[in-house]
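Structure file run_10.pdb; described as PDB, C-alpha atoms.
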ATOM      1  CA  MET C 126     -38.913  13.872 -19.792
ATOM      2  CA  LYS C 127     -40.533  13.758 -23.181
ATOM      3  CA  ASP C 128     -43.889  15.235 -22.218
ATOM      4  CA  THR C 129     -43.417  18.717 -23.590
ATOM      5  CA  ARG C 130     -42.892  19.860 -27.165
ATOM      6  CA  TYR C 131     -42.795  16.276 -28.469
ATOM      7  CA  ILE C 132     -46.269  15.458 -27.166
ATOM      8  CA  LEU C 133     -47.711  18.745 -28.399
ATOM      9  CA  LEU C 134     -46.315  18.339 -31.900
ATOM     10  CA  LEU C 135     -47.377  14.709 -31.942
ATOM     11  CA  ALA C 136     -50.907  15.668 -30.947
ATOM     12  CA  LEU C 137     -51.080  18.414 -33.538
ATOM     13  CA  SER C 138     -49.681  16.161 -36.241
ATOM     14  CA  ALA C 139     -52.187  13.464 -35.328
ATOM     15  CA  MET C 140     -55.003  15.972 -35.470
ATOM     16  CA  LEU C 141     -53.847  17.147 -38.868
ATOM     17  CA  ALA C 142     -53.678  13.585 -40.153
ATOM     18  CA  VAL C 143     -57.217  12.887 -38.951
ATOM     19  CA  LEU C 144     -58.497  16.067 -40.513
ATOM     20  CA  LEU C 145     -56.828  15.511 -43.849
ATOM     21  CA  ALA C 146     -57.908  11.880 -43.893
ATOM     22  CA  GLY C 147     -61.474  13.007 -43.341
ATOM     23  CA  CYS C 148     -61.434  15.811 -45.868
ATOM     24  CA  SER C 149     -63.573  14.086 -48.462
ATOM     25  CA  VAL C 150     -66.445  15.954 -50.028
ATOM     26  CA  GLY C 151     -68.907  14.277 -47.680
ATOM     27  CA  SER C 152     -67.035  15.209 -44.494
ATOM     28  CA  LEU C 153     -66.603  18.927 -45.089
ATOM     29  CA  ASP C 154     -69.182  21.608 -44.413
ATOM     30  CA  THR C 155     -70.713  22.805 -47.637
ATOM     31  CA  GLU C 156     -72.496  25.916 -48.736
ATOM     32  CA  GLU C 157     -74.188  26.560 -52.067
ATOM     33  CA  GLU C 158     -74.071  29.903 -53.821
ATOM     34  CA  THR C 159     -76.174  30.708 -56.873
ATOM     35  CA  SER C 160     -74.685  32.942 -59.525
ATOM     36  CA  GLY C 161     -77.060  33.423 -62.442
ATOM     37  CA  GLU C 162     -78.047  29.954 -63.630
ATOM     38  CA  GLN C 163     -74.977  28.271 -62.154
ATOM     39  CA  THR C 164     -74.791  26.884 -58.621
ATOM     40  CA  VAL C 165     -71.343  26.901 -57.031
ATOM     41  CA  GLU C 166     -70.717  24.646 -54.028
ATOM     42  CA  THR C 167     -68.137  25.849 -51.503
ATOM     43  CA  TYR C 168     -66.387  23.398 -49.165
ATOM     44  CA  TYR C 169     -65.163  24.332 -45.693
ATOM     45  CA  PRO C 170     -62.642  22.406 -43.573
ATOM     46  CA  PRO C 171     -63.742  21.273 -40.103
ATOM     47  CA  TYR C 172     -63.181  23.243 -36.918
ATOM     48  CA  GLY C 173     -60.031  22.514 -34.949
ATOM     49  CA  TYR C 174     -59.110  24.046 -31.615
ATOM     50  CA  THR C 175     -56.269  24.131 -29.119
ATOM     51  CA  VAL C 176     -56.902  25.038 -25.497
ATOM     52  CA  ALA C 177     -54.423  25.213 -22.612
ATOM     53  CA  PHE C 178     -54.995  25.637 -18.862
ATOM     54  CA  SER C 179     -52.591  26.871 -16.201
ATOM     55  CA  PHE C 180     -53.243  26.902 -12.450
ATOM     56  CA  ARG C 181     -51.474  28.801  -9.664
ATOM     57  CA  ASP C 182     -52.257  29.147  -5.983
ATOM     58  CA  ILE C 183     -52.665  32.499  -4.250
ATOM     59  CA  SER C 184     -48.929  32.523  -3.451
ATOM     60  CA  GLY C 185     -48.074  32.250  -7.141
ATOM     61  CA  ASN C 186     -46.916  28.634  -7.105
ATOM     62  CA  ASP C 187     -47.346  26.800 -10.400
ATOM     63  CA  LEU C 188     -49.653  23.850  -9.665
ATOM     64  CA  VAL C 189     -49.180  22.176 -13.059
ATOM     65  CA  ALA C 190     -45.363  22.146 -12.909
ATOM     66  CA  PRO C 191     -45.100  19.138 -10.506
ATOM     67  CA  LEU C 192     -46.923  16.987 -13.057
ATOM     68  CA  ALA C 193     -44.017  17.321 -15.496
ATOM     69  CA  SER C 194     -41.698  15.200 -13.335
ATOM     70  CA  MET C 195     -44.231  12.453 -12.611
ATOM     71  CA  GLU C 196     -43.738   9.200 -14.471
ATOM     72  CA  SER C 197     -47.316   7.944 -14.478
ATOM     73  CA  ASP C 198     -49.527   8.643 -17.469
ATOM     74  CA  LYS C 199     -52.479   8.954 -15.094
ATOM     75  CA  ARG C 200     -51.466  12.227 -13.498
ATOM     76  CA  PHE C 201     -54.812  13.693 -14.446
ATOM     77  CA  ASN C 202     -58.075  12.667 -16.069
ATOM     78  CA  ILE C 203     -60.045  14.986 -18.357
ATOM     79  CA  HIS C 204     -63.467  14.696 -19.993
ATOM     80  CA  ILE C 205     -64.721  17.129 -22.623
ATOM     81  CA  LYS C 206     -68.377  17.909 -23.351
ATOM     82  CA  TRP C 207     -69.304  20.206 -26.230
ATOM     83  CA  SER C 208     -72.774  21.751 -26.143
ATOM     84  CA  ALA C 209     -73.361  20.447 -29.666
ATOM     85  CA  GLU C 210     -72.639  16.840 -28.675
ATOM     86  CA  ASP C 211     -74.685  14.288 -26.755
ATOM     87  CA  SER C 212     -71.986  12.601 -24.706
ATOM     88  CA  GLU C 213     -68.724  13.224 -22.942
ATOM     89  CA  TYR C 214     -65.436  11.791 -24.125
ATOM     90  CA  GLU C 215     -61.985  11.444 -22.673
ATOM     91  CA  SER C 216     -59.128  13.230 -24.332
ATOM     92  CA  ASP C 217     -55.360  13.249 -24.188
ATOM     93  CA  PHE C 218     -53.681  16.355 -22.871
ATOM     94  CA  GLY C 219     -49.988  17.187 -22.990
ATOM     95  CA  ILE C 220     -48.020  19.195 -20.428
ATOM     96  CA  VAL C 221     -45.914  22.020 -21.835
ATOM     97  CA  PRO C 222     -43.976  24.986 -20.411
ATOM     98  CA  MET C 223     -44.365  28.453 -21.974
ATOM     99  CA  ASP C 224     -42.430  31.657 -21.502
ATOM    100  CA  GLU C 225     -43.811  35.177 -20.966
ATOM    101  CA  ARG C 226     -44.459  35.514 -24.694
ATOM    102  CA  TYR C 227     -46.394  32.239 -24.755
ATOM    103  CA  ASN C 228     -43.713  30.421 -26.704
ATOM    104  CA  ILE C 229     -43.255  26.747 -25.881
ATOM    105  CA  VAL C 230     -39.809  26.077 -24.419
ATOM    106  CA  GLU C 231     -37.848  22.855 -24.134
ATOM    107  CA  ALA C 232     -37.900  21.110 -20.764
ATOM    108  CA  LYS C 233     -35.061  19.039 -19.361
ATOM    109  CA  GLU C 234     -35.358  15.306 -18.783
ATOM    110  CA  ASP C 235     -36.262  15.924 -15.138
ATOM    111  CA  GLY C 236     -39.162  18.166 -16.139
ATOM    112  CA  THR C 237     -37.502  21.462 -15.168
ATOM    113  CA  CYS C 238     -36.862  24.505 -17.370
ATOM    114  CA  GLU C 239     -34.478  27.413 -17.404
ATOM    115  CA  GLY C 240     -35.965  30.875 -16.984
ATOM    116  CA  ASN C 241     -39.440  31.952 -15.968
ATOM    117  CA  VAL C 242     -42.060  29.605 -17.446
ATOM    118  CA  THR C 243     -45.681  28.655 -16.838
ATOM    119  CA  TRP C 244     -46.782  25.062 -17.269
ATOM    120  CA  TYR C 245     -50.001  24.278 -19.141
ATOM    121  CA  LEU C 246     -52.288  21.330 -19.705
ATOM    122  CA  ILE C 247     -52.700  21.599 -23.481
ATOM    123  CA  HIS C 248     -54.968  19.821 -25.928
ATOM    124  CA  SER C 249     -55.715  19.991 -29.659
ATOM    125  CA  GLY C 250     -58.920  18.509 -30.997
ATOM    126  CA  VAL C 251     -61.771  18.808 -33.439
ATOM    127  CA  GLY C 252     -65.148  20.209 -32.451
ATOM    128  CA  TYR C 253     -67.323  23.257 -32.160
ATOM    129  CA  GLY C 254     -70.218  24.415 -30.006
ATOM    130  CA  GLU C 255     -71.300  27.535 -28.150
ATOM    131  CA  THR C 256     -69.810  26.068 -24.968
ATOM    132  CA  ALA C 257     -67.391  23.318 -24.023
ATOM    133  CA  THR C 258     -66.944  21.932 -20.514
ATOM    134  CA  PHE C 259     -63.579  20.493 -19.490
ATOM    135  CA  SER C 260     -63.929  18.292 -16.400
ATOM    136  CA  ILE C 261     -60.513  17.819 -14.817
ATOM    137  CA  GLN C 262     -59.593  15.349 -12.082
ATOM    138  CA  CYS C 263     -56.143  16.001 -10.624
ATOM    139  CA  ASN C 264     -55.167  15.704  -6.970
ATOM    140  CA  THR C 265     -51.900  17.575  -7.563
ATOM    141  CA  ILE C 266     -53.734  20.659  -8.828
ATOM    142  CA  PHE C 267     -56.962  20.647  -6.824
ATOM    143  CA  GLY C 268     -56.019  18.684  -3.716
ATOM    144  CA  ASP C 269     -58.772  16.092  -4.140
ATOM    145  CA  TYR C 270     -59.960  13.402  -6.547
ATOM    146  CA  ALA C 271     -63.183  15.093  -7.635
ATOM    147  CA  PHE C 272     -63.858  16.309 -11.166
ATOM    148  CA  HIS C 273     -63.682  20.100 -11.478
ATOM    149  CA  ASP C 274     -65.643  21.697 -14.338
ATOM    150  CA  ILE C 275     -64.236  24.528 -16.428
ATOM    151  CA  THR C 276     -66.734  26.071 -18.839
ATOM    152  CA  THR C 277     -65.521  27.765 -21.999
ATOM    153  CA  TRP C 278     -67.521  29.872 -24.472
ATOM    154  CA  TRP C 279     -66.822  29.811 -28.210
ATOM    155  CA  LYS C 280     -67.773  31.864 -31.243
ATOM    156  CA  GLU C 281     -67.818  30.728 -34.843
ATOM    157  CA  LYS C 282     -65.667  32.681 -37.252
ATOM    158  CA  LYS C 283     -67.384  34.251 -40.237
ATOM    159  CA  ARG C 284     -66.854  32.004 -43.221
ATOM    160  CA  ARG C 285     -67.086  34.433 -46.089
ATOM    161  CA  TYR C 286     -63.926  33.185 -47.743
ATOM    162  CA  ARG C 287     -62.975  29.950 -49.488
ATOM    163  CA  PHE C 288     -60.536  27.292 -48.353
ATOM    164  CA  VAL C 289     -58.345  24.925 -50.287
ATOM    165  CA  SER C 290     -57.350  22.858 -47.247
ATOM    166  CA  GLY C 291     -56.562  23.323 -43.583
ATOM    167  CA  ILE C 292     -58.502  23.993 -40.395
ATOM    168  CA  GLN C 293     -60.945  26.646 -39.284
ATOM    169  CA  HIS C 294     -60.449  27.948 -35.759
ATOM    170  CA  PRO C 295     -63.412  28.924 -33.551
ATOM    171  CA  ILE C 296     -62.799  31.811 -31.154
ATOM    172  CA  CYS C 297     -62.720  31.183 -27.393
ATOM    173  CA  THR C 298     -64.250  34.271 -25.764
ATOM    174  CA  LYS C 299     -64.440  33.382 -22.055
ATOM    175  CA  ALA C 300     -63.692  30.703 -19.476
ATOM    176  CA  ALA C 301     -65.052  30.217 -15.960
ATOM    177  CA  TYR C 302     -64.220  28.061 -12.971
ATOM    178  CA  ALA C 303     -65.591  28.267  -9.401
ATOM    179  CA  GLY C 304     -66.958  31.772  -9.934
ATOM    180  CA  GLN C 305     -63.752  33.041 -11.541
ATOM    181  CA  GLU C 306     -64.053  34.315 -15.112
ATOM    182  CA  VAL C 307     -61.042  34.940 -17.337
ATOM    183  CA  THR C 308     -60.513  36.111 -20.888
ATOM    184  CA  PRO C 309     -58.412  33.591 -22.852
ATOM    185  CA  VAL C 310     -55.181  34.779 -24.408
ATOM    186  CA  GLU C 311     -55.018  34.042 -28.132
ATOM    187  CA  SER C 312     -51.597  32.886 -29.260
ATOM    188  CA  VAL C 313     -50.440  31.659 -32.656
ATOM    189  CA  LEU C 314     -47.894  28.853 -32.799
ATOM    190  CA  HIS C 315     -46.058  28.269 -36.071
ATOM    191  CA  ILE C 316     -45.466  24.591 -36.775
ATOM    192  CA  GLU C 317     -43.137  23.487 -39.525
ATOM    193  CA  THR C 318     -42.246  19.916 -40.395
ATOM    194  CA  ALA C 319     -40.990  18.125 -43.492
ATOM    195  CA  GLU C 320     -44.610  17.427 -44.454
ATOM    196  CA  PHE C 321     -46.327  20.749 -43.762
ATOM    197  CA  SER C 322     -46.049  24.303 -42.501
ATOM    198  CA  ARG C 323     -48.976  25.931 -40.721
ATOM    199  CA  ASN C 324     -50.100  28.281 -37.962
ATOM    200  CA  GLU C 325     -52.174  26.931 -35.079
ATOM    201  CA  VAL C 326     -54.340  29.196 -32.904
ATOM    202  CA  HIS C 327     -54.043  28.485 -29.183
ATOM    203  CA  TYR C 328     -56.267  29.786 -26.400
ATOM    204  CA  LEU C 329     -54.416  29.999 -23.091
ATOM    205  CA  ILE C 330     -56.501  30.158 -19.924
ATOM    206  CA  ASP C 331     -54.935  31.046 -16.565
ATOM    207  CA  PHE C 332     -56.649  30.413 -13.226
ATOM    208  CA  ILE C 333     -55.647  31.287  -9.662
ATOM    209  CA  LEU C 334     -56.983  28.798  -7.124
ATOM    210  CA  ASP C 335     -57.944  29.774  -3.583
ATOM    211  CA  LYS C 336     -55.522  27.417  -1.849
TER     212      LYS C 336
END
Would you put the structure from the file into structure tokens?
Amino acid sequence: MKDTRYILLLALSAMLAVLLAGCSVGSLDTEEETSGEQTVETYYPPYGYTVAFSFRDISGNDLVAPLASMESDKRFNIHIKWSAEDSEYESDFGIVPMDERYNIVEAKEDGTCEGNVTWYLIHSGVGYGETATFSIQCNTIFGDYAFHDITTWWKEKKRRYRFVSGIQHPICTKAAYAGQEVTPVESVLHIETAEFSRNEVHYLIDFILDK
């Protein structure tokens, strides 16, 4: 089915379009530097992030993989709450398989893949705060219809350099769920289309559920 690389690239392209459309002088972060009698204003692109979650049970079974073959678009429900924001919002997540080197691989129409892969819920968005909570509702993964909160911690990159265009990436330092803390794996995905070529930073977070 077409819920793998196509959805990821579509989401990333959409994010890029939103960012570029909003990159007017008023929408970018600014910082003034004084050099002698002249004031120079520096413009910074907004923060964009990509986060991906995988879940396995204690026997090693991939709990996200069954979602790939489901036809319904309501296989899971996710709300995101950044510490810097006042309200939660729903967000679209894709489902993608990755190999041992964290490269996205192509899935077959039936949602299966050749070789050893791990399936991820993956999302690209715009935002930044010291923490972000991802509340996930998915009976296939958790075995109930409750929302399960995953807390992530983020760090702002030092902005001592100038940008022409593009996206700044905050750093995800830690993630926690149900008393389990993990260190995210940073991966860089190169995306090249007819319109642009860029590198996107992904933070991959792997949990083992006690089930």
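With all atoms listed in the file as the atoms that count, the minimum distance from Gly185 of chain C to the choices C:Trp278, C:Thr243, C:Asp217, C:Pro171 is reached by C:Thr243.
The nearest approach to Tyr302 of chain C among the residues C:Lys206, C:Lys233, C:His273, C:Arg181, with only C-alpha atoms taken into account, belongs to C:His273.
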Output as JSON the centre and edge lengths (Å, one decimal) of the box along x, y and z of the file that holds every listed atom of segment 252-264 of chain C after adding 8 Å on each side.
{"center_x": -63.2, "center_y": 21.4, "center_z": -19.7, "size_x": 32.1, "size_y": 28.2, "size_z": 41.5}
### Query
Using all atoms listed in the file, which of the listed residues (C:Ile220, C:Val230, C:Ile266, C:Ala300) sits closest to Trp244 of chain C?
C:Ile220
### Task
Please write the residues picked by the PyMOL selection byres ((chain C and resi 297) around 9) on this file as a PyMOL selection string.
chain C and resi 176+277-280+295-296+298-300+308-311+328
How would the residues just chosen look if you wrote them out with C-alpha atoms as a PDB file, in the frame of the given file?
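Wrote it out as again.pdb, contents follow:
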ATOM      1  CA  VAL C 176     -56.902  25.038 -25.497  1.00  0.00           C
ATOM      2  CA  THR C 277     -65.521  27.765 -21.999  1.00  0.00           C
ATOM      3  CA  TRP C 278     -67.521  29.872 -24.472  1.00  0.00           C
ATOM      4  CA  TRP C 279     -66.822  29.811 -28.210  1.00  0.00           C
ATOM      5  CA  LYS C 280     -67.773  31.864 -31.243  1.00  0.00           C
ATOM      6  CA  PRO C 295     -63.412  28.924 -33.551  1.00  0.00           C
ATOM      7  CA  ILE C 296     -62.799  31.811 -31.154  1.00  0.00           C
ATOM      8  CA  THR C 298     -64.250  34.271 -25.764  1.00  0.00           C
ATOM      9  CA  LYS C 299     -64.440  33.382 -22.055  1.00  0.00           C
ATOM     10  CA  ALA C 300     -63.692  30.703 -19.476  1.00  0.00           C
ATOM     11  CA  THR C 308     -60.513  36.111 -20.888  1.00  0.00           C
ATOM     12  CA  PRO C 309     -58.412  33.591 -22.852  1.00  0.00           C
ATOM     13  CA  VAL C 310     -55.181  34.779 -24.408  1.00  0.00           C
ATOM     14  CA  GLU C 311     -55.018  34.042 -28.132  1.00  0.00           C
ATOM     15  CA  TYR C 328     -56.267  29.786 -26.400  1.00  0.00           C
TER      16      TYR C 328
END
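The residue that comes closest to Pro222 of chain C, out of C:Ile203, C:Ala301, C:Ala193, C:Val242 and on the basis of all atoms listed in the file, is C:Val242.
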### Task
Measuring atom to atom with all atoms listed in the file, identify which of C:Asp335, C:Glu281, C:Asp274, C:Glu239 is nearest to Asn202 of chain C.
C:Asp274
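The two atoms in question, atom CA of Tyr245 of chain C and atom CA of Asp182 of chain C, are spaced 14.2 Å apart.
Relative to atom CA of Ser249 of chain C, atom CA of Thr175 of chain C is found at 4.2 Å.
Atom CA of Leu334 of chain C is found 21.4 Å from atom CA of Met195 of chain C.
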### Message
Applying 9 Å and only C-alpha atoms, which residues near Gly252 of chain C remain after dropping the ones on its own chain fewer than 6 positions away? List them as a ChimeraX atom specification.
### Response
/C:171-174,207,209,295
### Task
Please provide as a list in words all residues within 8 Å of Leu314 of chain C, with the sequence filter that same-chain residues fewer than 6 positions apart are discarded (counting all atoms listed in the file).
Asn228, Asn324, Glu325, Val326 and His327 of chain C
Give me a file of those residues, with C-alpha atoms, as a PDB file, in the frame of the given file.
ATOM      1  CA  ASN C 228     -43.713  30.421 -26.704  1.00  0.00           C
ATOM      2  CA  ASN C 324     -50.100  28.281 -37.962  1.00  0.00           C
ATOM      3  CA  GLU C 325     -52.174  26.931 -35.079  1.00  0.00           C
ATOM      4  CA  VAL C 326     -54.340  29.196 -32.904  1.00  0.00           C
ATOM      5  CA  HIS C 327     -54.043  28.485 -29.183  1.00  0.00           C
TER       6      HIS C 327
END
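When you apply the PyMOL selection byres ((chain C and resi 267) around 12) to this structure, what comes back is Phe180, Arg181, Asp182, Asp187, Leu188, Val189, Phe201, Ile261, Gln262, Cys263, Asn264, Thr265, Ile266, Gly268, Asp269, Tyr270, Ala271, Phe272, His273, Asp274, Ala303, Phe332, Ile333, Leu334, Asp335 and Lys336 of chain C.
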